[in-house]
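*Asks:* Provided herewith: entry_20.csv, CSV, C-alpha atoms and all ligand atoms.
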```csv
chain,number,residue,atom,x,y,z
A,20,MET,CA,0.0,0.0,0.0
A,21,ARG,CA,1.2,3.5,-0.8
A,22,ILE,CA,0.0,6.5,1.3
A,23,VAL,CA,0.1,9.9,-0.4
A,24,LEU,CA,0.0,13.1,1.7
A,25,ALA,CA,-2.7,15.2,0.1
A,26,PRO,CA,-2.1,18.7,-1.3
A,27,MET,CA,-3.9,21.2,1.0
A,28,GLU,CA,-3.7,24.9,0.1
A,29,GLY,CA,-3.2,27.2,3.1
A,30,VAL,CA,-2.2,24.4,5.5
A,31,LEU,CA,0.2,21.8,4.1
A,32,ASP,CA,3.4,23.6,3.3
A,33,HIS,CA,7.0,22.3,3.1
A,34,LEU,CA,7.5,22.5,6.8
A,35,MET,CA,4.4,20.5,7.4
A,36,ARG,CA,5.6,18.0,4.8
A,37,ASP,CA,8.9,17.7,6.6
A,38,LEU,CA,7.3,17.2,10.0
A,39,LEU,CA,4.8,14.6,8.8
A,40,THR,CA,7.2,12.6,6.5
A,41,GLN,CA,9.8,12.6,9.3
A,42,ILE,CA,7.2,10.8,11.4
A,43,GLY,CA,6.9,8.4,8.5
A,44,GLY,CA,4.5,6.2,6.6
A,45,TYR,CA,4.1,8.6,3.6
A,46,ASP,CA,5.3,7.5,0.2
A,47,LEU,CA,4.6,10.7,-1.8
A,48,CYS,CA,3.7,14.3,-1.2
A,49,VAL,CA,1.9,16.6,-3.6
A,50,THR,CA,2.4,20.4,-3.1
A,51,GLU,CA,-0.3,23.0,-2.6
A,52,PHE,CA,-1.5,24.0,-6.0
A,53,VAL,CA,0.3,26.6,-8.1
A,54,ARG,CA,-2.1,28.7,-10.1
A,55,VAL,CA,-1.2,28.9,-13.8
A,56,VAL,CA,-3.1,31.6,-15.7
A,57,ASP,CA,-1.4,32.8,-18.9
A,58,GLN,CA,2.3,32.7,-18.4
A,59,VAL,CA,5.2,30.6,-17.2
A,60,ILE,CA,5.6,31.0,-13.4
A,61,SER,CA,8.9,32.2,-12.1
A,62,ASP,CA,11.5,29.9,-10.6
A,63,ARG,CA,11.2,32.0,-7.4
A,64,ALA,CA,7.4,31.3,-7.1
A,65,TYR,CA,8.0,27.6,-7.8
A,66,LEU,CA,10.7,27.5,-5.1
A,67,ARG,CA,8.3,29.2,-2.7
A,68,ALA,CA,5.6,26.6,-3.2
A,69,CYS,CA,8.1,23.7,-3.3
A,70,PRO,CA,11.4,24.6,-1.6
A,71,GLU,CA,12.3,20.9,-2.0
A,72,LEU,CA,13.1,21.7,-5.6
A,73,SER,CA,16.3,23.3,-4.5
A,74,ASN,CA,17.5,19.9,-3.2
A,75,ALA,CA,16.6,18.3,-6.6
A,76,ASN,CA,20.1,18.2,-8.0
A,77,ALA,CA,21.7,16.7,-5.0
A,78,TYR,CA,19.2,14.0,-3.9
A,79,GLY,CA,16.0,14.4,-5.8
A,80,CYS,CA,13.1,16.6,-5.0
A,81,THR,CA,12.3,15.1,-1.6
A,82,THR,CA,11.5,16.1,1.9
A,83,LYS,CA,14.3,15.9,4.4
A,84,ALA,CA,13.1,12.4,5.2
A,85,GLY,CA,13.5,11.4,1.6
A,86,THR,CA,9.9,11.3,0.5
A,87,PRO,CA,9.4,12.4,-3.1
A,88,VAL,CA,7.5,15.7,-3.6
A,89,ARG,CA,5.4,16.3,-6.8
A,90,VAL,CA,4.4,19.9,-7.8
A,91,GLN,CA,0.7,20.4,-8.4
A,92,LEU,CA,-0.6,22.8,-11.1
A,93,LEU,CA,-4.0,24.3,-11.4
A,94,GLY,CA,-4.9,26.0,-14.7
A,95,GLN,CA,-7.1,25.7,-17.8
A,96,HIS,CA,-5.0,26.6,-20.9
A,97,PRO,CA,-3.4,23.5,-22.4
A,98,THR,CA,-0.4,25.2,-23.9
A,99,CYS,CA,0.4,27.3,-20.9
A,100,MET,CA,-0.1,24.3,-18.6
A,101,GLY,CA,2.3,22.3,-20.8
A,102,ASP,CA,5.0,25.1,-20.7
A,103,ASN,CA,4.7,25.2,-16.9
A,104,ALA,CA,4.9,21.5,-16.5
A,105,ALA,CA,8.1,21.5,-18.6
A,106,LYS,CA,9.5,24.1,-16.2
A,107,VAL,CA,8.5,22.2,-13.1
A,108,ILE,CA,10.3,19.1,-14.4
A,109,GLU,CA,13.3,21.1,-15.4
A,110,LEU,CA,13.4,22.4,-11.8
A,111,GLY,CA,13.6,18.9,-10.6
A,112,SER,CA,10.0,17.8,-9.6
A,113,HIS,CA,9.4,14.1,-9.6
A,114,GLY,CA,6.4,14.7,-11.8
A,115,VAL,CA,3.4,17.0,-12.3
A,116,ASP,CA,0.1,16.7,-10.7
A,117,ILE,CA,-2.9,18.4,-12.2
A,118,ASN,CA,-5.7,19.8,-10.0
A,119,PHE,CA,-9.1,19.1,-11.5
A,120,GLY,CA,-10.9,19.2,-8.1
A,121,CYS,CA,-10.6,22.7,-6.6
A,122,PRO,CA,-14.1,23.9,-5.6
A,123,ALA,CA,-13.1,27.6,-5.0
A,124,LYS,CA,-15.5,30.0,-6.6
A,125,THR,CA,-12.8,32.4,-7.9
A,126,VAL,CA,-10.9,29.5,-9.5
A,127,ASN,CA,-14.0,27.9,-11.0
A,128,LYS,CA,-15.2,31.3,-12.4
A,129,ASN,CA,-12.0,31.5,-14.3
A,130,ARG,CA,-12.4,28.0,-15.6
A,131,GLY,CA,-9.9,26.3,-13.4
A,132,GLY,CA,-10.3,23.4,-10.9
A,133,ALA,CA,-13.5,21.4,-10.6
A,134,VAL,CA,-15.4,23.3,-13.3
A,135,LEU,CA,-13.2,21.5,-15.9
A,136,LEU,CA,-14.9,18.3,-14.9
A,137,LYS,CA,-17.9,19.4,-17.0
A,138,ASP,CA,-15.8,19.1,-20.1
A,139,PRO,CA,-13.8,15.8,-20.7
A,140,GLU,CA,-12.4,17.1,-23.9
A,141,ASN,CA,-10.8,20.0,-22.1
A,142,LEU,CA,-9.3,17.6,-19.5
A,143,TYR,CA,-7.9,15.6,-22.4
A,144,GLN,CA,-6.4,18.7,-24.0
A,145,ILE,CA,-4.7,19.8,-20.8
A,146,VAL,CA,-3.3,16.4,-19.8
A,147,SER,CA,-2.2,15.8,-23.4
A,148,ALA,CA,-0.4,19.1,-23.7
A,149,ILE,CA,1.4,18.4,-20.4
A,150,ARG,CA,2.3,14.8,-21.4
A,151,LYS,CA,3.8,16.1,-24.7
A,152,SER,CA,5.8,18.8,-22.9
A,153,VAL,CA,7.6,16.7,-20.4
A,154,PRO,CA,10.1,13.8,-20.8
A,155,LYS,CA,8.6,10.2,-21.0
A,156,GLU,CA,9.9,9.2,-17.6
A,157,ALA,CA,8.3,12.2,-15.8
A,158,ILE,CA,5.1,11.1,-14.0
A,159,VAL,CA,2.0,13.0,-15.1
A,160,SER,CA,-0.9,12.5,-12.6
A,161,ALA,CA,-4.3,14.1,-12.2
A,162,LYS,CA,-6.6,14.6,-9.2
A,163,ILE,CA,-10.3,14.7,-9.8
A,164,ARG,CA,-13.6,14.8,-8.0
A,165,LEU,CA,-16.5,12.6,-9.2
A,166,GLY,CA,-17.9,15.5,-11.1
A,167,TYR,CA,-19.2,19.1,-10.8
A,168,GLU,CA,-22.9,19.0,-10.1
A,169,ASP,CA,-23.4,15.2,-10.6
A,170,LYS,CA,-21.4,12.1,-11.3
A,171,SER,CA,-22.6,11.5,-14.9
A,172,LEU,CA,-19.2,12.3,-16.4
A,173,ALA,CA,-17.0,10.6,-13.8
A,174,ILE,CA,-16.0,7.7,-15.9
A,175,GLU,CA,-15.7,9.7,-19.1
A,176,ASN,CA,-13.4,12.2,-17.3
A,177,ALA,CA,-11.1,9.4,-16.0
A,178,GLN,CA,-10.9,7.8,-19.4
A,179,ALA,CA,-10.1,11.1,-21.1
A,180,ILE,CA,-7.2,11.6,-18.6
A,181,GLU,CA,-6.0,8.1,-19.3
A,182,ALA,CA,-6.3,8.5,-23.1
A,183,ALA,CA,-4.2,11.7,-22.8
A,184,GLY,CA,-1.3,9.8,-21.4
A,185,ALA,CA,-1.5,10.3,-17.6
A,186,ASN,CA,0.3,7.8,-15.5
A,187,GLU,CA,-1.8,8.0,-12.3
A,188,LEU,CA,-5.2,9.2,-11.1
A,189,THR,CA,-6.3,10.3,-7.7
A,190,VAL,CA,-10.1,10.4,-7.1
A,191,HIS,CA,-11.6,12.5,-4.3
A,192,ALA,CA,-14.9,10.6,-4.0
A,193,ARG,CA,-17.3,13.6,-4.1
A,194,THR,CA,-18.6,16.0,-6.6
A,195,LYS,CA,-17.8,19.7,-6.4
A,196,VAL,CA,-21.3,20.5,-5.2
A,197,GLU,CA,-20.9,17.9,-2.4
A,198,GLY,CA,-18.0,20.0,-1.1
A,199,TYR,CA,-16.6,18.2,1.9
A,200,ARG,CA,-19.9,16.8,3.2
A,201,PRO,CA,-19.8,13.2,4.3
A,202,PRO,CA,-20.1,10.6,3.0
A,203,ALA,CA,-17.3,10.1,0.5
A,204,HIS,CA,-18.6,7.8,-2.2
A,205,TRP,CA,-15.8,5.2,-2.3
A,206,GLN,CA,-17.9,2.8,-4.4
A,207,TRP,CA,-17.6,5.3,-7.2
A,208,ILE,CA,-13.9,5.0,-7.1
A,209,ALA,CA,-14.3,1.3,-7.8
A,210,LYS,CA,-16.4,2.0,-10.8
A,211,ILE,CA,-13.8,4.4,-12.2
A,212,LYS,CA,-11.0,1.9,-11.4
A,213,GLN,CA,-12.8,-0.7,-13.4
A,214,ALA,CA,-13.1,1.5,-16.4
A,215,VAL,CA,-9.4,2.5,-16.7
A,216,ASN,CA,-6.0,0.8,-16.6
A,217,LEU,CA,-4.3,3.5,-14.6
A,218,PRO,CA,-3.2,3.1,-11.0
A,219,VAL,CA,-6.0,4.8,-9.1
A,220,ILE,CA,-5.5,6.4,-5.6
A,221,ALA,CA,-8.5,6.6,-3.4
A,222,ASN,CA,-9.2,9.8,-1.4
A,223,GLY,CA,-11.7,11.3,0.9
A,224,ASP,CA,-12.7,10.9,4.6
A,225,ILE,CA,-9.9,8.6,5.7
A,226,PHE,CA,-9.5,9.5,9.4
A,227,SER,CA,-8.6,6.1,11.0
A,228,VAL,CA,-7.3,2.6,10.3
A,229,GLU,CA,-10.9,1.4,10.0
A,230,ASP,CA,-11.6,4.1,7.4
A,231,ALA,CA,-8.5,3.2,5.5
A,232,ASN,CA,-9.4,-0.5,5.5
A,233,THR,CA,-13.0,0.1,4.4
A,234,CYS,CA,-12.0,2.6,1.8
A,235,ARG,CA,-9.5,0.2,0.3
A,236,GLN,CA,-12.0,-2.6,0.3
A,237,VAL,CA,-14.9,-0.6,-1.2
A,238,SER,CA,-12.8,1.3,-3.7
A,239,THR,CA,-10.7,-1.7,-4.6
A,240,CYS,CA,-7.6,0.6,-4.5
A,241,ASN,CA,-4.4,-0.5,-3.0
A,242,ASP,CA,-3.2,3.1,-2.6
A,243,ILE,CA,-4.8,5.9,-0.6
A,244,MET,CA,-4.3,9.7,-0.2
A,245,ILE,CA,-4.9,11.4,3.2
A,246,GLY,CA,-5.3,15.1,3.9
A,247,ARG,CA,-7.3,16.3,6.9
A,248,GLY,CA,-6.7,13.0,8.8
A,249,ALA,CA,-3.0,13.6,8.6
A,250,LEU,CA,-3.5,17.0,10.2
A,251,MET,CA,-5.8,15.7,12.9
A,252,LEU,CA,-3.5,12.7,13.8
A,253,PRO,CA,0.1,13.5,12.7
A,254,ASN,CA,1.1,9.8,12.7
A,255,LEU,CA,-2.0,8.5,10.9
A,256,ALA,CA,0.0,7.0,8.1
A,257,ASN,CA,2.0,4.9,10.5
A,258,VAL,CA,-1.1,3.9,12.4
A,259,ILE,CA,-2.7,2.8,9.2
A,260,LYS,CA,0.5,0.8,8.3
A,261,ALA,CA,0.3,-0.7,11.8
A,262,THR,CA,3.8,0.5,12.8
A,263,SER,CA,2.6,2.6,15.7
A,264,SER,CA,-0.3,3.6,17.9
A,265,ALA,CA,-1.9,7.1,18.0
A,266,MET,CA,0.6,9.8,18.9
A,267,PRO,CA,0.2,11.2,22.4
A,268,TRP,CA,-0.5,14.9,23.0
A,269,PRO,CA,3.0,15.8,24.3
A,270,ALA,CA,4.6,14.5,21.1
A,271,VAL,CA,2.1,16.7,19.1
A,272,GLN,CA,3.1,19.7,21.3
A,273,SER,CA,6.8,19.2,20.2
A,274,LEU,CA,5.6,19.1,16.6
A,275,LEU,CA,3.7,22.4,17.1
A,276,LEU,CA,6.9,23.9,18.4
A,277,SER,CA,8.9,22.6,15.5
A,278,TYR,CA,6.5,24.3,13.2
A,279,THR,CA,7.5,27.7,14.7
A,280,ALA,CA,10.4,27.4,12.2
A,281,CYS,CA,8.2,29.1,9.7
A,282,GLU,CA,8.3,32.2,11.9
A,283,THR,CA,11.1,33.2,9.6
A,284,TYR,CA,8.4,34.7,7.4
A,285,GLY,CA,8.6,37.7,9.7
A,286,ASP,CA,6.8,39.2,12.7
A,287,LYS,CA,4.3,41.1,10.6
A,288,SER,CA,3.5,38.2,8.3
A,289,LYS,CA,0.2,36.5,8.8
A,290,TYR,CA,1.7,33.3,7.4
A,291,TYR,CA,2.5,31.7,10.7
A,292,PRO,CA,-0.6,32.8,12.7
A,293,ASN,CA,-2.9,31.7,9.9
A,294,ARG,CA,-1.3,28.3,9.4
A,295,ILE,CA,-0.9,27.3,13.0
A,296,LYS,CA,-4.5,28.2,13.7
A,297,GLN,CA,-5.6,26.2,10.6
A,298,TRP,CA,-3.6,23.2,12.0
A,299,LEU,CA,-5.0,23.6,15.5
A,300,LYS,CA,-8.6,23.5,14.0
A,301,TYR,CA,-7.8,20.0,12.7
A,302,LEU,CA,-5.9,18.9,15.8
A,303,LYS,CA,-8.8,19.9,18.1
A,304,LEU,CA,-11.0,17.3,16.4
A,305,GLU,CA,-8.6,14.6,17.7
A,306,TYR,CA,-7.1,16.1,20.9
A,307,VAL,CA,-9.1,17.9,23.7
A,308,GLU,CA,-5.9,19.6,24.6
A,309,ALA,CA,-5.7,21.2,21.2
A,310,GLN,CA,-9.2,22.7,21.8
A,311,ALA,CA,-8.0,24.6,24.8
A,312,LEU,CA,-4.9,25.8,23.0
A,313,PHE,CA,-6.9,26.9,20.0
A,314,GLN,CA,-9.1,29.0,22.3
A,315,GLU,CA,-6.0,30.7,23.7
A,316,VAL,CA,-4.4,31.6,20.4
A,317,ARG,CA,-7.6,32.2,18.4
A,318,THR,CA,-7.5,36.0,18.7
A,319,LEU,CA,-3.7,36.4,18.7
A,320,LYS,CA,-2.4,38.1,15.6
A,321,THR,CA,1.4,37.8,15.6
A,322,ALA,CA,3.8,34.9,15.5
A,323,PRO,CA,5.7,35.9,18.7
A,324,ASP,CA,2.5,36.1,20.7
A,325,ILE,CA,1.4,32.6,19.6
A,326,ILE,CA,4.8,31.1,20.1
A,327,ALA,CA,4.9,32.4,23.6
A,328,VAL,CA,1.7,30.5,24.4
A,329,LEU,CA,3.0,27.3,22.8
A,330,LYS,CA,6.2,27.5,24.8
A,331,ARG,CA,4.4,27.9,28.1
A,401,LIG,C1,-8.0,23.4,3.3
A,401,LIG,C2,-8.0,22.5,2.1
A,401,LIG,C3,-7.1,22.8,1.1
A,401,LIG,C4,-7.0,21.9,0.0
A,401,LIG,N1,-6.1,22.3,-1.0
A,401,LIG,C5,-6.0,21.4,-2.1
A,401,LIG,C6,-5.1,21.7,-3.2
A,401,LIG,O1,-4.3,22.6,-3.1
A,401,LIG,N2,-5.1,20.8,-4.2
A,401,LIG,C7,-5.9,19.7,-4.2
A,401,LIG,O2,-5.8,18.9,-5.2
A,401,LIG,N3,-6.7,19.4,-3.3
A,401,LIG,C8,-6.8,20.2,-2.2
A,401,LIG,N4,-7.7,19.9,-1.2
A,401,LIG,C9,-8.4,18.6,-1.2
A,401,LIG,C10,-7.6,17.6,-0.5
A,401,LIG,O3,-6.4,17.3,-1.1
A,401,LIG,C11,-8.4,16.2,-0.4
A,401,LIG,O4,-8.8,15.8,-1.7
A,401,LIG,C12,-9.7,16.4,0.5
A,401,LIG,O5,-9.5,17.1,1.7
A,401,LIG,C13,-10.3,15.1,0.8
A,401,LIG,O6,-9.4,14.3,1.5
A,401,LIG,P1,-9.4,14.1,3.1
A,401,LIG,O7,-10.8,13.7,3.5
A,401,LIG,O8,-8.3,13.1,3.4
A,401,LIG,O9,-9.0,15.5,3.7
A,401,LIG,C14,-7.8,20.8,-0.1
A,401,LIG,C15,-8.7,20.5,1.0
A,401,LIG,C16,-8.8,21.3,2.1
A,401,LIG,C17,-9.7,20.9,3.2
```
Transcribe the structure of this file into structure tokens.
*Replies:*
Amino acid sequence: MRIVLAPMEGVLDHLMRDLLTQIGGYDLCVTEFVRVVDQVISDRAYLRACPELSNANAYGCTTKAGTPVRVQLLGQHPTCMGDNAAKVIELGSHGVDINFGCPAKTVNKNRGGAVLLKDPENLYQIVSAIRKSVPKEAIVSAKIRLGYEDKSLAIENAQAIEAAGANELTVHARTKVEGYRPPAHWQWIAKIKQAVNLPVIANGDIFSVEDANTCRQVSTCNDIMIGRGALMLPNLANVIKATSSAMPWPAVQSLLLSYTACETYGDKSKYYPNRIKQWLKYLKLEYVEAQALFQEVRTLKTAPDIIAVLKR
């Protein structure tokens, strides 16, 4: 079984990838999406989204623990997506992941993310342009939802992605309209898997060993991707792989302190305060202690103030 650490914009940055992959159990990370509009993004912007690229020449684009990191692109214009994919590979990414699942209104209004699921031909054009722009050995993967409003195009979309030459497909088992509302329809992943020859990775609502087992059984997938669950229980991948039991709160506290390393973004920056609060929102679903901590930092606005509370 492979476990992929999900891309999560606004929460799962390179420091979090480092922390979680050092704990172990993850076989691949995908970055937060990089928005491609009508030009090739600068090296600087790619390095900001994926600082692991700067290690690429020495030991591959990996986290410090050695877990491969793949850059995710979100965009709608095939040629421009192809040009950006070529750049990402040149910079050293293990491959390119394409986001066809983002539900954000602003992104969808500009014809990016989940709205593309209404048009299998457009998916085909984007994946095909990327496939043609990168070397044969580069992995091209796509991440989809089951559809936009309904699931009627789920199989056609997956087949279009396969026909365009993708190597791998992750399916978040909900439509765009279903948002993050439970349940995730894992049985739909099985239908898709049956209709394509690609490796399919199952995603959505895996928060425990039981969820992982049921999801793998129902979806018929060997491999899974986990997002929110990894933020709620930092060693979830190891728990699923039966190499450890749930992490106790004091160990989580040390992780929270390690994450203060991103304080280097500056006292005035909202980066650290926003992200640590986002993480605590997930942790408090698993740990009562995180609930109290979240209440304490909720209204604090600067990194030093929040760090002082964490260090107490
Ligand atoms: C805050 C947040 C940010 C996300 N950002 C991305 C993203 O940048 N790219 C992407 O493909 N999916 C993104 N997703 C979707 C997740 O990768 C994943 O598909 C979804 O959360 C379901 O998996 P889970 O139940 O394991 O969390 C995001 C989800 C959340 C909650």
*Asks:* List all protein, DNA and RNA residues that have an atom no more than 6 Å from any atom of ligand LIG 401 (chain A), counting all atoms listed in the file, and report them as a compact mmCIF listing (two decimals) with C-alpha atoms, in the coordinates of the input.
*Replies:*
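Wrote pocket.txt, looks like this:
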```txt
# COMPACT_ATOMS: atom_id res chain seq x y z
CA ALA A 25 -2.70 15.20 0.10
CA PRO A 26 -2.10 18.70 -1.30
CA MET A 27 -3.90 21.20 1.00
CA GLU A 28 -3.70 24.90 0.10
CA GLU A 51 -0.30 23.00 -2.60
CA PHE A 52 -1.50 24.00 -6.00
CA ASN A 118 -5.70 19.80 -10.00
CA GLY A 120 -10.90 19.20 -8.10
CA LYS A 162 -6.60 14.60 -9.20
CA HIS A 191 -11.60 12.50 -4.30
CA ASN A 222 -9.20 9.80 -1.40
CA GLY A 223 -11.70 11.30 0.90
CA ASP A 224 -12.70 10.90 4.60
CA ILE A 225 -9.90 8.60 5.70
CA ILE A 245 -4.90 11.40 3.20
CA GLY A 246 -5.30 15.10 3.90
CA ARG A 247 -7.30 16.30 6.90
CA GLY A 248 -6.70 13.00 8.80
```
*Asks:* Using CA of Met20 in chain A and CA of Ile243 in chain A as the two end points, give the distance in Å to one decimal.
*Replies:* 7.6 Å
*Asks:* Step by step: start from the point (14.1, 16.1, -5.7) in the file's coordinates, keep every protein, DNA or RNA residue that has an atom no farther than 10 Å from it, count all atoms listed in the file, and write the set as a VMD selection string.
*Replies:* chain A and resid 69 to 82 85 to 89 108 110 to 114
*Asks:* Leaving out range 287-291 of chain A and any residue of its chain fewer than 6 positions from it, which residues lie within 7 Å of it when counting all atoms listed in the file, given as a PyMOL selection string?
*Replies:* chain A and resi 281+321-322
*Asks:* Expressed in Å to a single decimal, how great is the separation between CA of Ser160 in chain A and CA of Pro122 in chain A?
*Replies:*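 It comes out at 18.8 Å.
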*Asks:* With all atoms listed in the file as the counted atoms, please give the residues lying no more than 10 Å from Val328 in chain A, apart from itself and same-chain residues fewer than 3 positions off, as a list in words.
*Replies:*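 These residues fall inside the cut-off: Leu312, Glu315, Val316, Leu319, Pro323, Asp324, Ile325 and Arg331 of chain A.
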*Asks:* What is the CA of Gly94 in chain A-CA of Thr125 in chain A distance in Å, reported with one decimal?
*Replies:*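 Distance reported for this atom pair: 12.2 Å.
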*Asks:* Counting all atoms listed in the file, what is within 10 Å of range 271-273 of chain A, bar same-chain residues fewer than 6 positions away, as a PyMOL selection string?
*Replies:* chain A and resi 252-254+302+306+308-309+329-330
*Asks:* Restricting the output to C-alpha atoms, write the selected residues as a PDB file, in the coordinates of the input.
*Replies:*
```
ATOM      1  CA  LEU A 252      -3.500  12.700  13.800  1.00  0.00           C
ATOM      2  CA  PRO A 253       0.100  13.500  12.700  1.00  0.00           C
ATOM      3  CA  ASN A 254       1.100   9.800  12.700  1.00  0.00           C
ATOM      4  CA  LEU A 302      -5.900  18.900  15.800  1.00  0.00           C
ATOM      5  CA  TYR A 306      -7.100  16.100  20.900  1.00  0.00           C
ATOM      6  CA  GLU A 308      -5.900  19.600  24.600  1.00  0.00           C
ATOM      7  CA  ALA A 309      -5.700  21.200  21.200  1.00  0.00           C
ATOM      8  CA  LEU A 329       3.000  27.300  22.800  1.00  0.00           C
ATOM      9  CA  LYS A 330       6.200  27.500  24.800  1.00  0.00           C
TER      10      LYS A 330
END
```
*Asks:* Write out as a list in words the residues lying within 6 Å of Gly166 in chain A, counting all atoms listed in the file and excluding same-chain residues fewer than 2 positions away.
*Replies:*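 Counting only the stated atoms, we get Leu136, Arg164, Asp169, Lys170, Ala173 and Thr194 of chain A.
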*Asks:* Around the point (-10.4, -0.5, -1.6) (coordinates from the file), which residues reach within 12 Å if we count only C-alpha atoms? Answer as a PyMOL selection string.
*Replies:* chain A and resi 20+204-210+212+219-222+225+229-244
*Asks:* Considering all atoms listed in the file, can you say which of A:Leu188, A:Met100, A:Val196, A:Val49 comes closest to Cys121 in chain A?
*Replies:*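 Going through A:Leu188, A:Met100, A:Val196, A:Val49 one by one, the smallest distance to Cys121 in chain A is for A:Val196.
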*Asks:* Tell me, as a PDB file with C-alpha atoms, in the frame of the given file, which residues lie within 12 Å of Ala123 in chain A, counting all atoms listed in the file; anything in the same chain fewer than 3 positions away does not count.
*Replies:*
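Final file, result-v6.pdb:
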```
ATOM      1  CA  GLU A  28      -3.700  24.900   0.100  1.00  0.00           C
ATOM      2  CA  LEU A  93      -4.000  24.300 -11.400  1.00  0.00           C
ATOM      3  CA  ASN A 118      -5.700  19.800 -10.000  1.00  0.00           C
ATOM      4  CA  PHE A 119      -9.100  19.100 -11.500  1.00  0.00           C
ATOM      5  CA  GLY A 120     -10.900  19.200  -8.100  1.00  0.00           C
ATOM      6  CA  VAL A 126     -10.900  29.500  -9.500  1.00  0.00           C
ATOM      7  CA  ASN A 127     -14.000  27.900 -11.000  1.00  0.00           C
ATOM      8  CA  LYS A 128     -15.200  31.300 -12.400  1.00  0.00           C
ATOM      9  CA  ASN A 129     -12.000  31.500 -14.300  1.00  0.00           C
ATOM     10  CA  ARG A 130     -12.400  28.000 -15.600  1.00  0.00           C
ATOM     11  CA  GLY A 131      -9.900  26.300 -13.400  1.00  0.00           C
ATOM     12  CA  GLY A 132     -10.300  23.400 -10.900  1.00  0.00           C
ATOM     13  CA  ALA A 133     -13.500  21.400 -10.600  1.00  0.00           C
ATOM     14  CA  VAL A 134     -15.400  23.300 -13.300  1.00  0.00           C
ATOM     15  CA  TYR A 167     -19.200  19.100 -10.800  1.00  0.00           C
ATOM     16  CA  LYS A 195     -17.800  19.700  -6.400  1.00  0.00           C
ATOM     17  CA  VAL A 196     -21.300  20.500  -5.200  1.00  0.00           C
ATOM     18  CA  GLY A 198     -18.000  20.000  -1.100  1.00  0.00           C
TER      19      GLY A 198
END
```
*Asks:* Name the closest residue to His96 in chain A among the candidates A:Leu135, A:Ala265, A:Ala64, A:Val56; distances are taken between atoms, counting only C-alpha atoms.
*Replies:* A:Val56
*Asks:* Under the rule that all atoms listed in the file are counted, which of A:Gly43, A:Gly101, A:Gly29, A:Pro202 is the nearest residue to Lys260 in chain A?
*Replies:*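 Under the stated criterion, the closest residue is A:Gly43.
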